[in-house]
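Novice: Got a structure for you, questions after.
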Amino acid sequence: MSRRFPIVAVTGSSGAGTSTVREAFEHMFRREGIKAAVVEGDGFHRYTRCEMPEKIREAEAAGQRISHFGPSGNLWPELESLFRDWSLEGGGRYRRYLHNKREADKAGGVAGTFTPWTEVASGTEILFYEGLHGCLRADGVDLCQYVDLKVGVAPVINLEWIQKIHRDTRIRGYSQEAVVDTILRRMDDYVRYVVPQFELTDINFQRVPVVDTSNPLIARDIPTDDESLTVIRFRRPELFRVDFPYLLQMLQGSWMSRRNTIVVPGGKTGLAMELIATPILRRIIDDRRVLAR
C-alpha cells in the first residue's frame with residue numbers, strides 16, 4: 001500500500017462482471033477529476049489468441065493443464081513488478097490485450113495480440129487494475145501488499161457461468177461446447193488461484209439471481225437486474241468508515257443481513273458502488289495530493 005501512489009484492484013473471474021465495475025469506476029474518476037491509469041489483467045496473459053490453443057494441446061499431451069487462471073498462462077512476476085514499481089516510485093510498465101477488431105484498429109494492432117509495453121503516463125494519480133488476479137497471493141507472488149482498495153466481483157457460480165456462456169457465444173463467437181470445455185479446463189486453477197482472493201478483498205459484490213439458474217447450460221437469458229439481488233460484504237467496515245444507516249436510507253429496498261453485509265436490489269447495484277466507493281476514492285486521492293505537494 002502507498003498513500004502517495006495508490007492502487008485500486010477489481011478482481012473477478014471471466015464473466016463475473018468486472019468490466020461493468022470498471023466502467024463505474026471510470027465514471028467516478030471522470031467526475032472527481034482523478035487521473036487514473038487503467039490496467040487490464042488480460043494484458044498480462046502469457047500467450048496470444050493464436051498461441052494459446054497450441055499451448056493447451058502441448059500441455060494436455062504432457063498430462064498437464066494450462067489456463068488463463070493459473071501461473072502457466074500468465075506473467076505474474078511482471079504484474080507484481082508493475083504494482084511494486086508504481087507503489088514505490090509512481091512508475092511501471094503494462095500492455096493491453098486487443099480483444100477484437102475495433103480495439104485492434106484503434107491501437108494499430110491485430111486482434112488477439114498485445115500492444116507494446118508502455119510506461120505509466122506522467123501525471124497519473126492512481127493505478128486501477130481490473131482482471132483475474134488483482135488480489136493474488138500465491139506461488140511466491142503477493143499483489144495484495146501493494147493494493148489500497150481491493151474489490152471483488154463474485155456472482156454465484158451458476159450465474160457466473162451463464163454470463164460467460166452468453167458473452168462468449170453471442171459476442172465473441174465461440175460455440176457453447178467450446179465455452180463449457182474452457183470452464184472445465186480452468187476449474188482447478190479457478191479453485192486454487194481465483195476463489196482464495198475473495199477472502200482478501202476489502203469489499204465483495206456478489207450478484208444473486210432470484211430466478212431458477214439450477215442448470216446454467218440451458219439458460220436462455222441472463223437474469224436481469226430486477227431478477228437479482230446484490231450482496232455487498234465489507235471485510236473491515238471501520239477501515240473505510242462505512243456508513244450503513246446512510247446506505248440503507250439511500251438504497252431503497254436494501255437491508256442488513258450481517259453486521260458487515262448489506263443486500264441491495266439488483267437495479268441499485270451501480271448506485272451502491274458509487275455511494276460506497278466515491279468517499280473512499282476522495283480520501284485516497286486527498287492523502288495522495290497532500291503528500292505530493
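Residues are named by chain letter and number: chains run A, B, ... in the order of the C-alpha cells, numbers start at 1 in each chain, and ligands are numbered from 1 in the order shown.
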At a cut-off of 7 Å, using only C-alpha atoms, what residues contact stretch 12-25 of chain A? Leave out same-chain residues fewer than 5 positions from it and give the result as a list in words.

Specialist: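 Answer for this query is Glu130, Gly131, Leu132, Gly152, Val153, Ala154, Pro155, Glu160, Trp161, Gln163, Lys164 and Val194 of chain A.
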
Novice: Would you tabulate, counting only C-alpha atoms, all residues of stretch 29-144 of chain A that have an atom at most 12 Å from an atom of stretch 181-184 of chain A, showing the closest pair of atoms and their distance in Å to one decimal, sorted by chain then ascending number, as a tab-separated table?

Specialist:
```
residue	atom	partner	partner_atom	distance
A:Met52	CA	A:Thr182	CA	11.9
A:Pro53	CA	A:Thr182	CA	11.0
A:Ile56	CA	A:Thr182	CA	10.5
A:Arg65	CA	A:Leu184	CA	10.7
A:Ile66	CA	A:Thr182	CA	10.4
A:Ser67	CA	A:Thr182	CA	8.3
A:His68	CA	A:Thr182	CA	9.8
A:Phe69	CA	A:Ile183	CA	10.4
```

Novice: Can I get the selected residues back with N, CA and C atoms, as a compact mmCIF listing (two decimals), in the first residue's frame?

Specialist:
```txt
# COMPACT_ATOMS: atom_id res chain seq x y z
N MET A 52 -2.34 -19.70 -27.78
CA MET A 52 -2.92 -20.41 -26.64
C MET A 52 -3.43 -21.81 -26.99
N PRO A 53 -4.18 -22.03 -28.11
CA PRO A 53 -4.64 -23.39 -28.40
C PRO A 53 -3.50 -24.40 -28.55
N ILE A 56 -2.25 -25.26 -25.13
CA ILE A 56 -3.20 -26.15 -24.47
C ILE A 56 -2.99 -27.59 -24.94
N ARG A 65 -2.29 -29.18 -17.50
CA ARG A 65 -3.31 -28.23 -17.90
C ARG A 65 -2.73 -26.82 -17.89
N ILE A 66 -3.25 -25.99 -18.76
CA ILE A 66 -2.86 -24.59 -18.81
C ILE A 66 -4.12 -23.76 -18.98
N SER A 67 -4.20 -22.65 -18.28
CA SER A 67 -5.36 -21.78 -18.41
C SER A 67 -4.97 -20.35 -18.07
N HIS A 68 -5.86 -19.43 -18.42
CA HIS A 68 -5.63 -18.03 -18.09
C HIS A 68 -5.83 -17.75 -16.60
N PHE A 69 -6.27 -18.75 -15.85
CA PHE A 69 -6.48 -18.56 -14.42
C PHE A 69 -5.23 -18.90 -13.61
```

Novice: Calculated over only C-alpha atoms, which of the candidates A:Ile171, A:Leu247, A:Ala292, A:Ile222 has the smallest distance to A:Asn100?

Specialist: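 Among the listed residues, A:Ile171 lies closest to A:Asn100.
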
Novice: How would you write, as a VMD selection string, the set of residues in stretch 73-213 of chain A that DSSP gives as helix (DSSP H, G or I)?

Specialist: chain A and resid 73 76 to 89 101 to 107 144 to 146 157 to 170 176 to 199

Novice: What is the distance, in Å and to one decimal place, between atom CA of A:Glu125 and atom CA of A:Lys35?

Specialist: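 Spanning atom CA of A:Glu125 to atom CA of A:Lys35 is a straight-line distance of 5.2 Å.
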
Novice: What's the separation between atom CA of A:Asn74 and atom CA of A:His133, in Å to one decimal place?

Specialist: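 Atom-to-atom, atom CA of A:Asn74 and atom CA of A:His133 are spaced 9.8 Å apart.
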
Novice: Show which residues sit within 12 Å of A:Ser81, as a PyMOL selection string. Count only C-alpha atoms, and ignore same-chain residues fewer than 3 positions away.

Specialist: chain A and resi 44+75-78+84-94+141-143+146

Novice: What does the distance between atom CA of A:Thr48 and atom CA of A:Gly112 come to in Å, to one decimal place?

Specialist: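 Pair atom CA of A:Thr48 / atom CA of A:Gly112 returns 5.8 Å.
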
Novice: Which residues are close to A:Thr113, i.e. within 6 Å by only C-alpha atoms, leaving aside same-chain residues fewer than 3 positions away? Reply as a PyMOL selection string.

Specialist: chain A and resi 48+97-98+110

Novice: Create the file for the chosen residues now, containing all heavy atoms and written as a PDB file, in the first residue's frame.

Specialist:
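After the write, result.pdb holds the following:
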```
ATOM      1  N   THR A  48      -0.729 -15.160 -27.005  1.00  0.00           N
ATOM      2  CA  THR A  48      -1.732 -14.554 -27.869  1.00  0.00           C
ATOM      3  C   THR A  48      -2.855 -15.553 -28.121  1.00  0.00           C
ATOM      4  O   THR A  48      -2.771 -16.728 -27.758  1.00  0.00           O
ATOM      5  CB  THR A  48      -1.126 -14.148 -29.220  1.00  0.00           C
ATOM      6  OG1 THR A  48      -0.736 -15.346 -29.926  1.00  0.00           O
ATOM      7  CG2 THR A  48       0.080 -13.243 -29.038  1.00  0.00           C
ATOM      8  N   TYR A  97      -4.306  -6.193 -24.027  1.00  0.00           N
ATOM      9  CA  TYR A  97      -4.696  -7.266 -24.939  1.00  0.00           C
ATOM     10  C   TYR A  97      -5.798  -6.727 -25.839  1.00  0.00           C
ATOM     11  O   TYR A  97      -6.756  -6.095 -25.361  1.00  0.00           O
ATOM     12  CB  TYR A  97      -5.198  -8.475 -24.147  1.00  0.00           C
ATOM     13  CG  TYR A  97      -5.672  -9.629 -25.004  1.00  0.00           C
ATOM     14  CD1 TYR A  97      -4.758 -10.448 -25.657  1.00  0.00           C
ATOM     15  CD2 TYR A  97      -7.029  -9.904 -25.149  1.00  0.00           C
ATOM     16  CE1 TYR A  97      -5.179 -11.498 -26.444  1.00  0.00           C
ATOM     17  CE2 TYR A  97      -7.462 -10.956 -25.928  1.00  0.00           C
ATOM     18  CZ  TYR A  97      -6.536 -11.750 -26.576  1.00  0.00           C
ATOM     19  OH  TYR A  97      -6.969 -12.798 -27.353  1.00  0.00           O
ATOM     20  N   LEU A  98      -5.681  -6.962 -27.145  1.00  0.00           N
ATOM     21  CA  LEU A  98      -6.648  -6.454 -28.119  1.00  0.00           C
ATOM     22  C   LEU A  98      -7.700  -7.525 -28.374  1.00  0.00           C
ATOM     23  O   LEU A  98      -7.469  -8.487 -29.094  1.00  0.00           O
ATOM     24  CB  LEU A  98      -5.926  -6.065 -29.406  1.00  0.00           C
ATOM     25  CG  LEU A  98      -4.796  -5.033 -29.216  1.00  0.00           C
ATOM     26  CD1 LEU A  98      -4.046  -4.816 -30.517  1.00  0.00           C
ATOM     27  CD2 LEU A  98      -5.350  -3.719 -28.680  1.00  0.00           C
ATOM     28  N   VAL A 110      -3.284  -6.115 -34.080  1.00  0.00           N
ATOM     29  CA  VAL A 110      -4.039  -7.253 -34.592  1.00  0.00           C
ATOM     30  C   VAL A 110      -4.851  -7.844 -33.448  1.00  0.00           C
ATOM     31  O   VAL A 110      -4.336  -8.043 -32.340  1.00  0.00           O
ATOM     32  CB  VAL A 110      -3.094  -8.330 -35.165  1.00  0.00           C
ATOM     33  CG1 VAL A 110      -3.878  -9.542 -35.639  1.00  0.00           C
ATOM     34  CG2 VAL A 110      -2.256  -7.745 -36.301  1.00  0.00           C
TER      35      VAL A 110
END
```

Novice: With DSSP run on the backbone, what are the strand (DSSP E or B) residues within stretch 23-191 of chain A? I'd like them as a list in words.

Specialist: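 Restricting stretch 23-191 of chain A to strand (DSSP E or B) produces Ala36, Ala37, Val38, Val39, Glu40, His45, Asn74, Arg93, Tyr94, Tyr97, Phe114, Thr118, Glu119, Ile126, Leu127, Phe128, Tyr129, Glu130, Gly131, Arg137, Ala138, Val141, Asp142, Leu149, Lys150, Val151, Gly152 and Val153 of chain A.
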
Novice: Just C-alpha atoms for this one: save the residues we selected as a PDB file, in the first residue's frame.

Specialist:
```pdb
ATOM      1  CA  ALA A  36      -6.114   7.125 -13.455  1.00  0.00           C
ATOM      2  CA  ALA A  37      -4.082   4.576 -15.403  1.00  0.00           C
ATOM      3  CA  VAL A  38      -6.469   1.713 -16.219  1.00  0.00           C
ATOM      4  CA  VAL A  39      -4.690  -1.641 -16.405  1.00  0.00           C
ATOM      5  CA  GLU A  40      -6.487  -4.735 -17.710  1.00  0.00           C
ATOM      6  CA  HIS A  45      -1.618 -13.171 -20.211  1.00  0.00           C
ATOM      7  CA  ASN A  74       0.156 -15.508 -17.134  1.00  0.00           C
ATOM      8  CA  ARG A  93       5.131  -0.944 -17.448  1.00  0.00           C
ATOM      9  CA  TYR A  94       1.960  -2.565 -18.731  1.00  0.00           C
ATOM     10  CA  TYR A  97      -4.696  -7.266 -24.939  1.00  0.00           C
ATOM     11  CA  PHE A 114      -0.916  -7.435 -27.328  1.00  0.00           C
ATOM     12  CA  THR A 118       4.189   1.143 -22.247  1.00  0.00           C
ATOM     13  CA  GLU A 119       5.136   3.201 -19.201  1.00  0.00           C
ATOM     14  CA  ILE A 126      -3.951   6.271  -9.194  1.00  0.00           C
ATOM     15  CA  LEU A 127      -3.366   2.853 -10.746  1.00  0.00           C
ATOM     16  CA  PHE A 128      -6.602   0.969 -11.429  1.00  0.00           C
ATOM     17  CA  TYR A 129      -6.460  -2.761 -12.177  1.00  0.00           C
ATOM     18  CA  GLU A 130      -9.353  -4.854 -13.482  1.00  0.00           C
ATOM     19  CA  GLY A 131      -8.973  -8.565 -14.138  1.00  0.00           C
ATOM     20  CA  ARG A 137      -1.232 -14.141  -3.119  1.00  0.00           C
ATOM     21  CA  ALA A 138       0.203 -17.433  -4.404  1.00  0.00           C
ATOM     22  CA  VAL A 141       3.642 -13.592  -5.795  1.00  0.00           C
ATOM     23  CA  ASP A 142       1.910 -11.181  -3.412  1.00  0.00           C
ATOM     24  CA  LEU A 149      -8.603  -0.785  -2.130  1.00  0.00           C
ATOM     25  CA  LYS A 150      -9.383  -4.391  -3.087  1.00  0.00           C
ATOM     26  CA  VAL A 151     -12.790  -5.026  -4.686  1.00  0.00           C
ATOM     27  CA  GLY A 152     -14.122  -8.494  -5.511  1.00  0.00           C
ATOM     28  CA  VAL A 153     -16.851  -9.258  -8.049  1.00  0.00           C
TER      29      VAL A 153
END
```

Novice: For A:Cys144, please output as a CSV table (one decimal) with all heavy atoms, in the first residue's frame all residues within 10 Å (counting only C-alpha atoms; exclusion window: fewer than 5 positions along the same chain).

Specialist:
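Listing of result01.csv after writing:
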```csv
chain,number,residue,atom,x,y,z
A,1,MET,N,0.8,-1.2,0.0
A,1,MET,CA,0.0,0.0,0.0
A,1,MET,C,0.9,1.3,0.0
A,1,MET,O,2.0,1.3,0.6
A,1,MET,CB,-0.9,0.0,1.2
A,1,MET,CG,-1.9,-1.2,1.2
A,1,MET,SD,-2.9,-1.2,2.8
A,1,MET,CE,-3.8,0.3,2.6
A,7,ILE,N,-3.2,2.2,-5.3
A,7,ILE,CA,-3.7,1.2,-6.3
A,7,ILE,C,-5.1,0.7,-5.9
A,7,ILE,O,-5.3,0.4,-4.7
A,7,ILE,CB,-2.8,0.0,-6.4
A,7,ILE,CG1,-1.4,0.4,-6.8
A,7,ILE,CG2,-3.3,-1.1,-7.3
A,7,ILE,CD1,-0.4,-0.8,-6.8
A,9,ALA,N,-7.8,-2.3,-7.1
A,9,ALA,CA,-7.8,-3.5,-7.8
A,9,ALA,C,-9.2,-4.1,-7.8
A,9,ALA,O,-9.8,-4.3,-6.7
A,9,ALA,CB,-6.8,-4.5,-7.4
A,80,GLU,N,3.4,-8.2,-10.8
A,80,GLU,CA,3.9,-7.7,-9.5
A,80,GLU,C,4.9,-6.6,-9.6
A,80,GLU,O,4.9,-5.7,-8.8
A,80,GLU,CB,4.5,-8.9,-8.7
A,80,GLU,CG,4.9,-8.6,-7.3
A,80,GLU,CD,5.3,-9.8,-6.5
A,80,GLU,OE1,6.0,-10.6,-7.0
A,80,GLU,OE2,5.0,-9.9,-5.3
A,83,PHE,N,2.9,-3.4,-10.0
A,83,PHE,CA,2.4,-2.9,-8.7
A,83,PHE,C,3.5,-2.4,-7.8
A,83,PHE,O,3.3,-1.3,-7.2
A,83,PHE,CB,1.6,-4.1,-8.0
A,83,PHE,CG,0.2,-4.3,-8.5
A,83,PHE,CD1,-0.1,-4.0,-9.8
A,83,PHE,CD2,-0.7,-4.9,-7.7
A,83,PHE,CE1,-1.4,-4.2,-10.3
A,83,PHE,CE2,-2.0,-5.2,-8.2
A,83,PHE,CZ,-2.4,-4.8,-9.5
A,133,HIS,N,-6.6,-11.3,-11.3
A,133,HIS,CA,-5.6,-11.6,-10.3
A,133,HIS,C,-5.2,-10.4,-9.5
A,133,HIS,O,-4.1,-10.3,-8.9
A,133,HIS,CB,-4.4,-12.3,-10.9
A,133,HIS,CG,-4.7,-13.5,-11.7
A,133,HIS,ND1,-4.6,-13.6,-13.0
A,133,HIS,CD2,-5.1,-14.7,-11.2
A,133,HIS,CE1,-4.9,-14.9,-13.4
A,133,HIS,NE2,-5.3,-15.5,-12.3
A,134,GLY,N,-6.0,-9.4,-9.3
A,134,GLY,CA,-5.6,-8.2,-8.6
A,134,GLY,C,-5.3,-8.3,-7.2
A,134,GLY,O,-4.6,-7.5,-6.6
A,135,CYS,N,-5.8,-9.4,-6.6
A,135,CYS,CA,-5.6,-9.7,-5.1
A,135,CYS,C,-4.8,-11.0,-4.9
A,135,CYS,O,-5.0,-11.6,-3.9
A,135,CYS,CB,-6.9,-9.7,-4.4
A,135,CYS,SG,-7.8,-8.1,-4.5
A,136,LEU,N,-4.1,-11.4,-5.9
A,136,LEU,CA,-3.4,-12.7,-5.9
A,136,LEU,C,-2.3,-12.7,-4.8
A,136,LEU,O,-1.5,-11.8,-4.6
A,136,LEU,CB,-2.8,-13.0,-7.2
A,136,LEU,CG,-2.1,-14.3,-7.4
A,136,LEU,CD1,-3.1,-15.5,-7.4
A,136,LEU,CD2,-1.2,-14.4,-8.6
A,137,ARG,N,-2.3,-13.8,-4.1
A,137,ARG,CA,-1.2,-14.1,-3.1
A,137,ARG,C,-1.0,-15.6,-3.2
A,137,ARG,O,-1.6,-16.5,-2.5
A,137,ARG,CB,-1.6,-13.7,-1.7
A,137,ARG,CG,-0.6,-14.0,-0.7
A,137,ARG,CD,-1.0,-13.5,0.7
A,137,ARG,NE,-1.1,-12.1,0.8
A,137,ARG,CZ,-1.7,-11.4,1.8
A,137,ARG,NH1,-2.4,-12.1,2.7
A,137,ARG,NH2,-1.7,-10.1,1.8
A,149,LEU,N,-7.2,-0.4,-2.2
A,149,LEU,CA,-8.6,-0.8,-2.1
A,149,LEU,C,-8.8,-2.0,-3.0
A,149,LEU,O,-8.6,-2.0,-4.2
A,149,LEU,CB,-9.5,0.4,-2.6
A,149,LEU,CG,-11.0,0.1,-2.7
A,149,LEU,CD1,-11.6,-0.3,-1.4
A,149,LEU,CD2,-11.7,1.2,-3.3
A,150,LYS,N,-9.2,-3.1,-2.4
A,150,LYS,CA,-9.4,-4.4,-3.1
A,150,LYS,C,-10.9,-4.7,-3.2
A,150,LYS,O,-11.6,-4.9,-2.2
A,150,LYS,CB,-8.6,-5.5,-2.3
A,150,LYS,CG,-7.2,-5.2,-2.2
A,150,LYS,CD,-6.4,-6.3,-1.4
A,150,LYS,CE,-6.7,-6.2,0.1
A,150,LYS,NZ,-6.1,-5.0,0.7
A,197,GLN,N,-8.8,-15.3,-3.5
A,197,GLN,CA,-8.7,-13.8,-3.5
A,197,GLN,C,-9.8,-13.1,-2.8
A,197,GLN,O,-9.6,-12.1,-2.2
A,197,GLN,CB,-8.6,-13.3,-4.9
A,197,GLN,CG,-7.3,-13.8,-5.7
A,197,GLN,CD,-7.3,-13.2,-7.1
A,197,GLN,OE1,-6.8,-12.1,-7.2
A,197,GLN,NE2,-7.7,-14.0,-8.0
A,200,LEU,N,-9.5,-12.0,0.7
A,200,LEU,CA,-8.6,-10.9,0.9
A,200,LEU,C,-9.1,-9.6,0.5
A,200,LEU,O,-8.6,-8.5,0.9
A,200,LEU,CB,-7.3,-11.2,0.2
A,200,LEU,CG,-6.6,-12.5,0.5
A,200,LEU,CD1,-5.4,-12.7,-0.5
A,200,LEU,CD2,-6.1,-12.5,1.9
A,201,THR,N,-10.2,-9.6,-0.3
A,201,THR,CA,-10.8,-8.3,-0.8
A,201,THR,C,-11.4,-7.5,0.4
A,201,THR,O,-11.9,-8.0,1.3
A,201,THR,CB,-11.8,-8.6,-1.9
A,201,THR,OG1,-12.7,-9.6,-1.4
A,201,THR,CG2,-11.1,-9.0,-3.1
```

Novice: Tell me which of A:Leu275, A:Val195, A:Leu229, A:Ala61 sits closest to A:Ser254, counting only C-alpha atoms.

Specialist: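 Once distances to A:Ser254 are computed over only C-alpha atoms, the minimum belongs to A:Leu229.
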
Novice: What's around A:Gly267 at 10 Å? Count only C-alpha atoms, leave out sequence neighbours fewer than 3 positions away in its own chain, and write the answer as a PyMOL selection string.

Specialist: chain A and resi 224-230+251+264+270-272

Novice: Suppose we keep all heavy atoms; can you now write the selection as an mmCIF file, in the first residue's frame?

Specialist:
```
data_model
loop_
_atom_site.group_PDB
_atom_site.id
_atom_site.type_symbol
_atom_site.label_atom_id
_atom_site.label_comp_id
_atom_site.auth_asym_id
_atom_site.auth_seq_id
_atom_site.Cartn_x
_atom_site.Cartn_y
_atom_site.Cartn_z
ATOM 1 N N THR A 224 -32.090 -10.550 -15.244
ATOM 2 C CA THR A 224 -32.000 -9.093 -15.278
ATOM 3 C C THR A 224 -31.701 -8.544 -13.883
ATOM 4 O O THR A 224 -31.745 -9.265 -12.883
ATOM 5 C CB THR A 224 -33.316 -8.490 -15.783
ATOM 6 O OG1 THR A 224 -34.349 -8.767 -14.827
ATOM 7 C CG2 THR A 224 -33.705 -9.075 -17.140
ATOM 8 N N ASP A 225 -31.437 -7.239 -13.827
ATOM 9 C CA ASP A 225 -31.220 -6.595 -12.532
ATOM 10 C C ASP A 225 -32.428 -6.762 -11.626
ATOM 11 O O ASP A 225 -32.294 -6.965 -10.409
ATOM 12 C CB ASP A 225 -30.916 -5.110 -12.723
ATOM 13 C CG ASP A 225 -29.530 -4.866 -13.300
ATOM 14 O OD1 ASP A 225 -28.697 -5.780 -13.242
ATOM 15 O OD2 ASP A 225 -29.290 -3.751 -13.799
ATOM 16 N N ASP A 226 -33.631 -6.663 -12.198
ATOM 17 C CA ASP A 226 -34.844 -6.804 -11.401
ATOM 18 C C ASP A 226 -35.059 -8.232 -10.917
ATOM 19 O O ASP A 226 -35.895 -8.460 -10.036
ATOM 20 C CB ASP A 226 -36.065 -6.354 -12.205
ATOM 21 C CG ASP A 226 -36.095 -4.852 -12.430
ATOM 22 O OD1 ASP A 226 -35.452 -4.130 -11.639
ATOM 23 O OD2 ASP A 226 -36.751 -4.407 -13.392
ATOM 24 N N GLU A 227 -34.328 -9.180 -11.496
ATOM 25 C CA GLU A 227 -34.421 -10.579 -11.083
ATOM 26 C C GLU A 227 -33.224 -10.980 -10.226
ATOM 27 O O GLU A 227 -32.908 -12.151 -10.099
ATOM 28 C CB GLU A 227 -34.491 -11.489 -12.317
ATOM 29 C CG GLU A 227 -35.725 -11.255 -13.171
ATOM 30 C CD GLU A 227 -35.677 -11.984 -14.500
ATOM 31 O OE1 GLU A 227 -34.571 -12.196 -15.039
ATOM 32 O OE2 GLU A 227 -36.762 -12.343 -15.009
ATOM 33 N N SER A 228 -32.573 -9.986 -9.621
ATOM 34 C CA SER A 228 -31.353 -10.249 -8.863
ATOM 35 C C SER A 228 -31.293 -9.385 -7.608
ATOM 36 O O SER A 228 -31.916 -8.315 -7.528
ATOM 37 C CB SER A 228 -30.111 -9.951 -9.715
ATOM 38 O OG SER A 228 -30.141 -10.624 -10.946
ATOM 39 N N LEU A 229 -30.518 -9.854 -6.655
ATOM 40 C CA LEU A 229 -30.100 -9.072 -5.507
ATOM 41 C C LEU A 229 -28.576 -9.009 -5.523
ATOM 42 O O LEU A 229 -27.931 -9.880 -6.102
ATOM 43 C CB LEU A 229 -30.565 -9.708 -4.189
ATOM 44 C CG LEU A 229 -32.067 -9.849 -3.978
ATOM 45 C CD1 LEU A 229 -32.339 -10.696 -2.743
ATOM 46 C CD2 LEU A 229 -32.722 -8.479 -3.839
ATOM 47 N N THR A 230 -28.005 -7.997 -4.898
ATOM 48 C CA THR A 230 -26.557 -7.912 -4.779
ATOM 49 C C THR A 230 -26.184 -7.871 -3.302
ATOM 50 O O THR A 230 -26.652 -7.006 -2.555
ATOM 51 C CB THR A 230 -25.995 -6.675 -5.498
ATOM 52 O OG1 THR A 230 -26.302 -6.765 -6.890
ATOM 53 C CG2 THR A 230 -24.482 -6.606 -5.338
ATOM 54 N N LEU A 251 -30.483 3.615 -0.471
ATOM 55 C CA LEU A 251 -30.731 2.464 -1.344
ATOM 56 C C LEU A 251 -32.056 1.824 -0.946
ATOM 57 O O LEU A 251 -32.111 0.921 -0.113
ATOM 58 C CB LEU A 251 -29.575 1.460 -1.239
ATOM 59 C CG LEU A 251 -28.206 2.010 -1.638
ATOM 60 C CD1 LEU A 251 -27.089 1.074 -1.208
ATOM 61 C CD2 LEU A 251 -28.149 2.248 -3.156
ATOM 62 N N VAL A 264 -28.771 -5.306 -1.511
ATOM 63 C CA VAL A 264 -29.476 -4.257 -2.248
ATOM 64 C C VAL A 264 -30.159 -4.866 -3.465
ATOM 65 O O VAL A 264 -29.705 -5.878 -4.010
ATOM 66 C CB VAL A 264 -28.514 -3.128 -2.686
ATOM 67 C CG1 VAL A 264 -27.747 -2.576 -1.498
ATOM 68 C CG2 VAL A 264 -27.545 -3.605 -3.755
ATOM 69 N N GLY A 270 -25.320 -0.313 -9.235
ATOM 70 C CA GLY A 270 -24.457 0.764 -9.718
ATOM 71 C C GLY A 270 -24.439 1.945 -8.767
ATOM 72 O O GLY A 270 -23.375 2.500 -8.465
ATOM 73 N N LEU A 271 -25.614 2.330 -8.274
ATOM 74 C CA LEU A 271 -25.698 3.431 -7.310
ATOM 75 C C LEU A 271 -24.958 3.060 -6.029
ATOM 76 O O LEU A 271 -24.232 3.890 -5.464
ATOM 77 C CB LEU A 271 -27.155 3.751 -7.013
ATOM 78 C CG LEU A 271 -27.417 4.815 -5.940
ATOM 79 C CD1 LEU A 271 -26.792 6.142 -6.325
ATOM 80 C CD2 LEU A 271 -28.929 4.976 -5.708
ATOM 81 N N ALA A 272 -25.128 1.811 -5.581
ATOM 82 C CA ALA A 272 -24.435 1.373 -4.367
ATOM 83 C C ALA A 272 -22.927 1.471 -4.530
ATOM 84 O O ALA A 272 -22.220 1.921 -3.617
ATOM 85 C CB ALA A 272 -24.841 -0.060 -4.024
#
```

Novice: Could you check the closest approach to A:Val147 for each of A:Pro116, A:Phe240, A:Val10, A:Asp286 and tell me which residue wins, using only C-alpha atoms?

Specialist: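 Going through A:Pro116, A:Phe240, A:Val10, A:Asp286 one by one, the smallest distance to A:Val147 is for A:Val10.
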